[in-house]
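Note sheet for the following structure.
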2 protein chains.
Amino acid sequence: MAVPTHPFDPLEPREISKAADIARSAFPEQRLVFRVITLQEPPKEEMLQFLEKEHAMQPVNDRPARMARVQVVTRDVSGKNQLMELLVDLDRAVVGKQEHLAGKHSYIDSNYMQSVEKACLADARVQEEIKKLALPTGASVIVEAWAYAPDGMNDMSERVTMCWFYMRLVDNPDANYYAYPLDLCAEVSEQLQVTRVYQLPSSADGRTHDTPQPYDHRKIQSPVASEYHPSLRPPPRTTTKPYQVTQPEGPSFESHGNRLSWEKWSMRVGFNYREGLTLHDVRYDGRSLFYRLSLAEMFVPYGDPRSPYPRKAAFDLGNDGAGINANNLRLGCDCLGVIKYFDGWHNTSAGEPLKLPNVICCHEQDDGILWKHTNFRTQNAAVTRARVLVLQTIITVSNYEYIFAFYFGQDASIHYEVRATGILSTCPINVGNQVPYGTVVGPGVLAPYHQHLFCLRMDPALDGPKNSLQVEESVPMPVGDPTVHNPFGVGYTTTRNIISQEQGLDLDFAKNRTFKIINEDQINPVTGTPVGFKLLPYYSQMLLAHPQSHHAKRSEFANHAVWVTRYQDNELFPSGRHTMQSAGGEGIASAIKRRQTGPPARSSVRNEDIVVWHTFGSTHNPRIEDWPVMPCEKMAVGLKPLNFFTGNPGLDVALSTQEANRSVLVGGQAASSPSACCKL
Amino acid sequence: MAVPTHPFDPLEPREISKAADIARSAFPEQRLVFRVITLQEPPKEEMLQFLEKEHAMQPVNDRPARMARVQVVTRDVSGKNQLMELLVDLDRAVVGKQEHLAGKHSYIDSNYMQSVEKACLADARVQEEIKKLALPTGASVIVEAWAYAPDGMNDMSERVTMCWFYMRLVDNPDANYYAYPLDLCAEVSEQLQVTRVYQLPSSADGRTHDTPQPYDHRKIQSPVASEYHPSLRPPPRTTTKPYQVTQPEGPSFESHGNRLSWEKWSMRVGFNYREGLTLHDVRYDGRSLFYRLSLAEMFVPYGDPRSPYPRKAAFDLGNDGAGINANNLRLGCDCLGVIKYFDGWHNTSAGEPLKLPNVICCHEQDDGILWKHTNFRTQNAAVTRARVLVLQTIITVSNYEYIFAFYFGQDASIHYEVRATGILSTCPINVGNQVPYGTVVGPGVLAPYHQHLFCLRMDPALDGPKNSLQVEESVPMPVGDPTVHNPFGVGYTTTRNIISQEQGLDLDFAKNRTFKIINEDQINPVTGTPVGFKLLPYYSQMLLAHPQSHHAKRSEFANHAVWVTRYQDNELFPSGRHTMQSAGGEGIASAIKRRQTGPPARSSVRNEDIVVWHTFGSTHNPRIEDWPVMPCEKMAVGLKPLNFFTGNPGLDVALSTQEANRSVLVGGQAASSPSACCKL
């Protein structure tokens, strides 16, 4: 018997088809191009009631309506594309609500981008400019189409696409053309017309060459320096011996449909075209922790000030989609050990279900020691090993990849890790030149400075939906104050402040500033303080672009490290619902400002249903070691219980034993304690 | 044939015996109590010459003299203990230099501490006070002896030991007596006399009870809450399935004596009683990176202002010794997979060699993905997995343990990780009371706030001994400045400052402040900038104690996150050579200040032989989840090449294949791509 659909489950293939059918029948006169057919998650109020009954094992008669959110492109009377969003009630088979998204653009359409590339290359002026470059024999030109980040220089009511030019020097489709950026750029209109062709700045003064320059042959590199793909490289090192993970009794996790349980954790795995992996109803030992966890947005602005580079600023979730661009993960490559894969589903432009295979992998890892103590009086050691559950998804966004992973611990911690890898985005530079906002990674190849700014959205429900955000700092006790007992000047204590109104906040490690999500109504029976979880932030520089710049206005979330807002249904994206060519003013700061003009209660976040957002990332000033493919740069954020339980949640993990672990001494080494292991 | 002793090799057993013999024959009249017999590392000047010849495969005729540093305690004419340090030339069999360490104390002597415990418990007044406590039937009293952190209240010319009292409620030597701190304290003199017995403060006002209080039976807890040892707990969870690592072709590392090589890394493993694990002559692909890496000190001051708690402030390296307290690591427990152990050697008080078995474990770990790129045009994915080499050592210091590990990466990165685990140090508190500098973890059990501050010493030799420290920040380009081309306000650049004089510096993530060790004489051929490595710091609050407090004066290193000094032979310890009951003024800040009074060239650190020290740690305000045994708290520091190589150092790692990795699908799961792996 099939597991019945849970309200948090992504749409099933049959539901995608049904939603398309319903949409089509509502617009019989029109040809609908389906951009999105995804789950419209139920209103939280309804879900909380559902979850309460579900976890109490009570019958649920009033399930939330199964709704699809559908985005379609239609043509208006003038033949212009028009974006529309429909809420489709799958149970009642009706379109519940429809909204014309005037002035908004849908996320990137890869078929369209391919058409842009073709149109660009087919353009006579482009071909003429290419000819002027006098490229080496055998070279082929590659056009990389990028979404246009508004800079105020073009009308944004229609799509405008930036085309960057590269060269493939060898006849191999996996050749690294990013090693050969060409001194050429084009803009393509919604109607696939090349509207402008121009040269790129090639020196620090921001100027282009006065006349087109033929290709500088000093830029041609050895494949050893410029190629990453093994088919183009010398044989790899052979020193790395195989390393295998076996779990003779199988994995410690179980899944039923999208419900996943492991050790004392339970959660529901979600997936959608935009956020990719999402997690819902995350519980530990039956206690509610998080209603929803997701990467909500990311922004990659480039720091090269020279026009047209300010147009390079990607919202990789809002514009590209972490779901749509999720890799098909391969056994033996992307995870190690005993793996469960989850597939995702999207839709074709015709509204048919489209399978995205193996977009999430789930497996366990050993994580070293969980806890240890050696009684120095008895020399008895008690040691446990830490097992973690990993849920990983990987996305490719043109040149870059991001590896996103949630790690669940036996100590009731959650870590969210981002690894940035892939290939640097490059642009041309005169041989021998340097600029102060980029690194030369090869002759004539500039890797400009840029930032990767991520926003993790945490919708907490610690022992219930009403939570608060508390900011704690560790401060020295005063010296010489007769009212304070600190005779030796070594005392320190903490200050605690509960945030009352929606706002953005900043990190300060020098004060040990700690952001705690707490439930003020649940007092820990041992410590006498509210139960909570603390955020382990990733300390990062915030957005460097000027507050009045398009980048700042469009991203909004990238100005503060921690944001707290009052929960609102559908408020999921901190740079707004529509980021493609967005004008700005639709993100988290604007939402807070809007609500501030209403009654204070509307934006109160103390002991309310709150959402906490963490902005983190890297100011990525490329190193040569990031070239031609970048070793992963890791960034990790954590959530740890803080006086939530009544003791170490991993205290009951069994001691580590050689019987279970089967470690091996290096050949021939005599063990000082051959049969040794922890004593009981 | 035995591997010949390398100048960096720790003393061998026969050398320890020989050093003791030489020392004894130099002092025939005296009974020497041997505290230390360890390698005196050769002067760097000599070693650099040696290493140059060694790596050039040239014959070395002038090996540095093999020297032992010996600390002995003798009795002076008045019968007082006297500490002396001898430099013993093992080749010439003579005592080269001797120094009376007047006013200094040797590190903690565990035999002596046991005598203190016995003497304390045998004392009539102590017994009388214990009687007044009217402890529950069957309870036994445990005395925990601690080194005295000076607070100005006692003469420190002789040893004074603080005795804290605990109770063991059940008759099991592994019972967690830290769950039963008693309201009693004693001080014991060098001559094992109990000099003072008193009650501890029991409430927030710092006062003790007016009259001794009988034991409050409300403090008696269930073992489920207070015990960590499995023999005293309910059966553990059984849900964690076995997880094994196999390396069918053996490990990828090789060792010859203390020389270790793995992938492109080579290094020498050292070990001594104080620092424990040390690393020497660390190279990548034959290029010199670090002359020496070690944890140089750690300081654990407690934040409870009430006397006598300011005396709780431990130098776990200087006072206790990370080598002496290193755990005997057990197969199947402390590491997983194919393990090589290294033994350490120390000495008995009689000067005999004492084996410290399995103090270092060496093994490999899989670390997820090293780099990946999917060509979106061909859908060809190239993915490599990251292998890391781990060198781990674990120390027990009374209640706490620390797990120290170096991780070497195929991307030429080094990470140093500290995990804090073990049991919180506790003190008594009235049932129902709270104090603002501690967490109540059980009825009557206070876990006071404290800090763990570590100092990692990095002696760089990037392409040679002369290096510089460069501080880089990422800064927005000005807007509205006609001399700067930043028309859209999105440009950013970097400022770079090379440190010229010895000093302590602070972190600032908001500016993306980056500390780079560079070699100004070696310019990267691709980027045109000096070769370097950058520090990935662990952002931490510095010492909270007042700058005029004993804690601040004694520790010194804990006031700044990054220190740069000019290399001096034997300047290894940032709180001074002798930390036991130290008066202060002997640490890194004092050394810098001393040299500042000399000619500027003496403290110049630009393009000189420099040492970089990183202070990091945690302000540990205990959570109930840290009780009764603490899940590891991780802190990690990294070093990454920054324009040191000419490309990704892990570029030649072979693609990941299912053939080598042998991953397994979860039972019954149909693979979307059954035989899939990365395509070549």
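FYI, nothing fancy with the structure tokens labels: chains A, B, ... in order, residues from 1 per chain, ligands from 1 as they appear.
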
* Write out as a ChimeraX atom specification the residues lying within 10 Å of Val60 of chain A, counting only C-alpha atoms and excluding same-chain residues fewer than 4 positions away. => /A:49-54,64

Would you save the residues of that selection, restricted to all heavy atoms, as a PDB file, in the first residue's frame?
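Output file selection-v1.pdb follows:
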ATOM      1  N   GLN A  49      -2.320  22.401  13.497  1.00  0.00           N
ATOM      2  CA  GLN A  49      -3.400  21.538  13.987  1.00  0.00           C
ATOM      3  C   GLN A  49      -3.223  20.111  13.466  1.00  0.00           C
ATOM      4  O   GLN A  49      -3.382  19.138  14.196  1.00  0.00           O
ATOM      5  CB  GLN A  49      -4.755  22.082  13.548  1.00  0.00           C
ATOM      6  CG  GLN A  49      -5.132  23.365  14.291  1.00  0.00           C
ATOM      7  CD  GLN A  49      -6.383  24.009  13.718  1.00  0.00           C
ATOM      8  OE1 GLN A  49      -7.182  23.347  13.074  1.00  0.00           O
ATOM      9  NE2 GLN A  49      -6.527  25.309  13.956  1.00  0.00           N
ATOM     10  N   PHE A  50      -2.879  20.023  12.209  1.00  0.00           N
ATOM     11  CA  PHE A  50      -2.654  18.711  11.612  1.00  0.00           C
ATOM     12  C   PHE A  50      -1.530  17.968  12.335  1.00  0.00           C
ATOM     13  O   PHE A  50      -1.655  16.802  12.711  1.00  0.00           O
ATOM     14  CB  PHE A  50      -2.314  18.873  10.127  1.00  0.00           C
ATOM     15  CG  PHE A  50      -1.948  17.578   9.461  1.00  0.00           C
ATOM     16  CD1 PHE A  50      -2.919  16.776   8.882  1.00  0.00           C
ATOM     17  CD2 PHE A  50      -0.621  17.137   9.436  1.00  0.00           C
ATOM     18  CE1 PHE A  50      -2.569  15.565   8.289  1.00  0.00           C
ATOM     19  CE2 PHE A  50      -0.272  15.929   8.843  1.00  0.00           C
ATOM     20  CZ  PHE A  50      -1.248  15.147   8.270  1.00  0.00           C
ATOM     21  N   LEU A  51      -0.404  18.677  12.543  1.00  0.00           N
ATOM     22  CA  LEU A  51       0.771  18.026  13.144  1.00  0.00           C
ATOM     23  C   LEU A  51       0.475  17.597  14.582  1.00  0.00           C
ATOM     24  O   LEU A  51       0.943  16.545  15.030  1.00  0.00           O
ATOM     25  CB  LEU A  51       1.980  18.966  13.120  1.00  0.00           C
ATOM     26  CG  LEU A  51       2.548  19.284  11.729  1.00  0.00           C
ATOM     27  CD1 LEU A  51       3.623  20.362  11.842  1.00  0.00           C
ATOM     28  CD2 LEU A  51       3.101  18.029  11.059  1.00  0.00           C
ATOM     29  N   GLU A  52      -0.278  18.414  15.275  1.00  0.00           N
ATOM     30  CA  GLU A  52      -0.600  18.072  16.658  1.00  0.00           C
ATOM     31  C   GLU A  52      -1.361  16.746  16.701  1.00  0.00           C
ATOM     32  O   GLU A  52      -1.013  15.853  17.470  1.00  0.00           O
ATOM     33  CB  GLU A  52      -1.442  19.195  17.267  1.00  0.00           C
ATOM     34  CG  GLU A  52      -1.369  19.216  18.785  1.00  0.00           C
ATOM     35  CD  GLU A  52      -2.204  20.358  19.359  1.00  0.00           C
ATOM     36  OE1 GLU A  52      -2.096  21.487  18.843  1.00  0.00           O
ATOM     37  OE2 GLU A  52      -2.959  20.085  20.307  1.00  0.00           O
ATOM     38  N   LYS A  53      -2.330  16.631  15.833  1.00  0.00           N
ATOM     39  CA  LYS A  53      -3.104  15.378  15.788  1.00  0.00           C
ATOM     40  C   LYS A  53      -2.234  14.219  15.301  1.00  0.00           C
ATOM     41  O   LYS A  53      -2.276  13.121  15.840  1.00  0.00           O
ATOM     42  CB  LYS A  53      -4.321  15.541  14.875  1.00  0.00           C
ATOM     43  CG  LYS A  53      -5.399  16.410  15.517  1.00  0.00           C
ATOM     44  CD  LYS A  53      -6.639  16.457  14.672  1.00  0.00           C
ATOM     45  CE  LYS A  53      -7.653  17.412  15.305  1.00  0.00           C
ATOM     46  NZ  LYS A  53      -8.635  17.876  14.314  1.00  0.00           N
ATOM     47  N   GLU A  54      -1.438  14.497  14.283  1.00  0.00           N
ATOM     48  CA  GLU A  54      -0.596  13.441  13.718  1.00  0.00           C
ATOM     49  C   GLU A  54       0.332  12.860  14.794  1.00  0.00           C
ATOM     50  O   GLU A  54       0.438  11.644  14.942  1.00  0.00           O
ATOM     51  CB  GLU A  54       0.238  14.017  12.570  1.00  0.00           C
ATOM     52  CG  GLU A  54       1.138  12.978  11.904  1.00  0.00           C
ATOM     53  CD  GLU A  54       2.109  13.596  10.902  1.00  0.00           C
ATOM     54  OE1 GLU A  54       2.451  14.789  11.043  1.00  0.00           O
ATOM     55  OE2 GLU A  54       2.544  12.871   9.993  1.00  0.00           O
ATOM     56  N   PRO A  64      -5.335  19.631   5.588  1.00  0.00           N
ATOM     57  CA  PRO A  64      -5.261  20.871   4.805  1.00  0.00           C
ATOM     58  C   PRO A  64      -5.472  20.560   3.323  1.00  0.00           C
ATOM     59  O   PRO A  64      -5.063  19.488   2.839  1.00  0.00           O
ATOM     60  CB  PRO A  64      -3.834  21.361   5.053  1.00  0.00           C
ATOM     61  CG  PRO A  64      -3.387  20.674   6.298  1.00  0.00           C
ATOM     62  CD  PRO A  64      -4.096  19.358   6.328  1.00  0.00           C
TER      63      PRO A  64
END

* To do: Tell me, as an MDAnalysis selection string, which residues lie within 8 Å of Ser266 of chain A, counting only C-alpha atoms; anything in the same chain fewer than 2 positions away does not count.
  => chainID A and resid 259:262 264 268 281:286

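Nearest-residue note for chain B: choosing from A:Asp151, A:Glu502, A:Glu352, A:Glu187, the minimum distance belongs to A:Asp151, counting only C-alpha atoms.
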
* **Who sits within 10 Å of segment 14-29 of chain B, only C-alpha atoms, same chain under 3 positions skipped, as number ranges by chain** => B: 10-11, 32-34, 36-39, 66-72, 74, 86-95, 345-348, 350-354

* Structure fact -> Between atom CA of Gly344 of chain B and atom CA of Asn272 of chain B lies a distance of 7.5 Å

Identify, on the basis of only C-alpha atoms, every residue whose closest approach to segment 120-127 of chain A does not exceed 9 Å; exclude the query and any residue fewer than 5 positions from it along the same chain; express the result as a short mmCIF file (atom, residue, chain, number, x, y, z; two decimals) with all heavy atoms, in the first residue's frame.
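Generated file (out.cif):
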data_model
loop_
_atom_site.label_atom_id
_atom_site.label_comp_id
_atom_site.auth_asym_id
_atom_site.auth_seq_id
_atom_site.Cartn_x
_atom_site.Cartn_y
_atom_site.Cartn_z
N SER A 115 18.55 29.49 -26.67
CA SER A 115 18.14 30.27 -27.86
C SER A 115 18.91 31.58 -27.91
O SER A 115 19.29 32.04 -29.00
CB SER A 115 16.64 30.58 -27.79
OG SER A 115 15.91 29.41 -27.62
N LYS A 132 37.21 40.04 -36.16
CA LYS A 132 38.25 41.02 -35.84
C LYS A 132 39.22 40.50 -34.78
O LYS A 132 40.36 40.97 -34.66
CB LYS A 132 37.62 42.31 -35.32
CG LYS A 132 36.91 43.13 -36.40
CD LYS A 132 36.34 44.41 -35.80
CE LYS A 132 35.37 45.10 -36.76
NZ LYS A 132 34.49 46.04 -36.02
N VAL A 141 34.04 29.57 -30.62
CA VAL A 141 33.57 30.59 -29.69
C VAL A 141 32.37 30.05 -28.90
O VAL A 141 31.47 29.43 -29.48
CB VAL A 141 33.20 31.88 -30.45
CG1 VAL A 141 32.52 32.88 -29.52
CG2 VAL A 141 34.44 32.48 -31.08
N ILE A 142 32.40 30.25 -27.60
CA ILE A 142 31.31 29.83 -26.73
C ILE A 142 30.66 31.08 -26.16
O ILE A 142 31.37 31.98 -25.69
CB ILE A 142 31.86 29.01 -25.53
CG1 ILE A 142 32.74 27.87 -26.00
CG2 ILE A 142 30.73 28.55 -24.62
CD1 ILE A 142 32.00 26.70 -26.54
N VAL A 143 29.36 31.10 -26.17
CA VAL A 143 28.64 32.22 -25.55
C VAL A 143 28.02 31.74 -24.25
O VAL A 143 27.36 30.71 -24.22
CB VAL A 143 27.56 32.76 -26.50
CG1 VAL A 143 26.59 33.67 -25.74
CG2 VAL A 143 28.19 33.52 -27.65
N CYS A 163 25.56 38.42 -22.76
CA CYS A 163 26.31 37.32 -23.35
C CYS A 163 27.80 37.57 -23.20
O CYS A 163 28.32 38.59 -23.69
CB CYS A 163 25.96 37.18 -24.84
SG CYS A 163 24.30 36.53 -25.07
N LEU A 184 34.86 40.60 -25.64
CA LEU A 184 33.65 40.86 -26.41
C LEU A 184 32.44 40.63 -25.50
O LEU A 184 32.49 39.79 -24.60
CB LEU A 184 33.61 39.88 -27.59
CG LEU A 184 32.65 40.17 -28.75
CD1 LEU A 184 32.94 41.54 -29.36
CD2 LEU A 184 32.78 39.08 -29.80
N CYS A 185 31.39 41.38 -25.77
CA CYS A 185 30.19 41.28 -24.97
C CYS A 185 28.99 41.65 -25.83
O CYS A 185 29.13 42.48 -26.74
CB CYS A 185 30.32 42.24 -23.78
SG CYS A 185 28.96 42.20 -22.63
N ALA A 186 27.85 41.02 -25.55
CA ALA A 186 26.65 41.38 -26.31
C ALA A 186 25.44 41.38 -25.38
O ALA A 186 25.44 40.71 -24.35
CB ALA A 186 26.44 40.39 -27.46
N GLU A 187 24.45 42.14 -25.77
CA GLU A 187 23.17 42.13 -25.05
C GLU A 187 22.09 41.65 -26.00
O GLU A 187 22.07 42.06 -27.16
CB GLU A 187 22.84 43.54 -24.54
CG GLU A 187 23.86 44.04 -23.53
CD GLU A 187 23.67 45.51 -23.17
OE1 GLU A 187 22.56 46.04 -23.31
OE2 GLU A 187 24.67 46.12 -22.74
N VAL A 188 21.23 40.78 -25.48
CA VAL A 188 20.19 40.18 -26.32
C VAL A 188 18.83 40.49 -25.70
O VAL A 188 18.65 40.37 -24.48
CB VAL A 188 20.43 38.66 -26.47
CG1 VAL A 188 19.28 38.00 -27.22
CG2 VAL A 188 21.75 38.40 -27.19
N LEU A 192 15.06 38.02 -28.74
CA LEU A 192 16.25 37.36 -29.29
C LEU A 192 16.98 38.22 -30.32
O LEU A 192 17.62 37.68 -31.23
CB LEU A 192 15.91 35.97 -29.87
CG LEU A 192 15.31 34.97 -28.88
CD1 LEU A 192 14.95 33.66 -29.57
CD2 LEU A 192 16.30 34.67 -27.74
N GLN A 193 16.90 39.51 -30.15
CA GLN A 193 17.67 40.41 -31.01
C GLN A 193 18.93 40.85 -30.25
O GLN A 193 18.86 41.19 -29.07
CB GLN A 193 16.87 41.67 -31.35
CG GLN A 193 15.59 41.38 -32.12
CD GLN A 193 15.86 40.66 -33.42
OE1 GLN A 193 16.69 41.09 -34.22
NE2 GLN A 193 15.18 39.54 -33.64
N VAL A 194 20.05 40.84 -30.97
CA VAL A 194 21.26 41.39 -30.37
C VAL A 194 21.13 42.90 -30.43
O VAL A 194 21.05 43.48 -31.52
CB VAL A 194 22.52 40.90 -31.11
CG1 VAL A 194 23.76 41.60 -30.57
CG2 VAL A 194 22.66 39.39 -30.97
N VAL A 197 26.64 45.24 -29.13
CA VAL A 197 27.88 44.44 -29.15
C VAL A 197 29.00 45.40 -28.80
O VAL A 197 29.06 46.49 -29.35
CB VAL A 197 28.16 43.82 -30.54
CG1 VAL A 197 29.34 42.85 -30.45
CG2 VAL A 197 26.94 43.11 -31.07
#

* Go through segment 193-260 of chain B and collect every residue that DSSP, computed from the backbone, puts in helix (DSSP H, G or I); the answer should be as a list in words. =>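 So, restricting segment 193-260 of chain B to helix (DSSP H, G or I), we get His217, Arg218, Lys219, Pro223, Val224, Ala225, Ser226, Pro230, Ser231 and Leu232 of chain B.
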
* **DSSP strand (DSSP E) selection over segment 233-325 of chain A, as a PyMOL selection string** => chain A and resi 244-246+253-256+259-262+265-272+276-284+287-301+313-315

* So which residues touch segment 563-575 of chain A within 8 Å, counting only C-alpha atoms, skipping near sequence neighbours fewer than 5 positions away, as number ranges by chain? -> A: 43-44, 296-297, 455, 457, 459, 469, 501-505, 554-557, 584, 586-588, 592, 602-605, 608-614

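Non-sequential neighbours of Tyr178 of chain B (distance at most 8 Å, separation of 2 or more positions within a chain, only C-alpha atoms) are Tyr166, Met167, Asn176, Tyr180, Pro181, Ile423, Leu424, Ser425 and Thr426 of chain B.
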
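When only C-alpha atoms are used to measure the gap to chain B, the shortest distance among A:Ser106, A:Ser78, A:Ser349, A:Ser226 belongs to A:Ser226.
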
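The two atoms in question, atom CA of Lys372 of chain A and atom CA of Asp343 of chain B, are spaced 20.5 Å apart.
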
* Asked: Counting only C-alpha atoms, which of B:Ser252, B:Thr208, B:Asn325, B:Gln470 gets nearest to chain A?
  ->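 The shortest atom-to-atom distance to chain A comes from B:Ser252.
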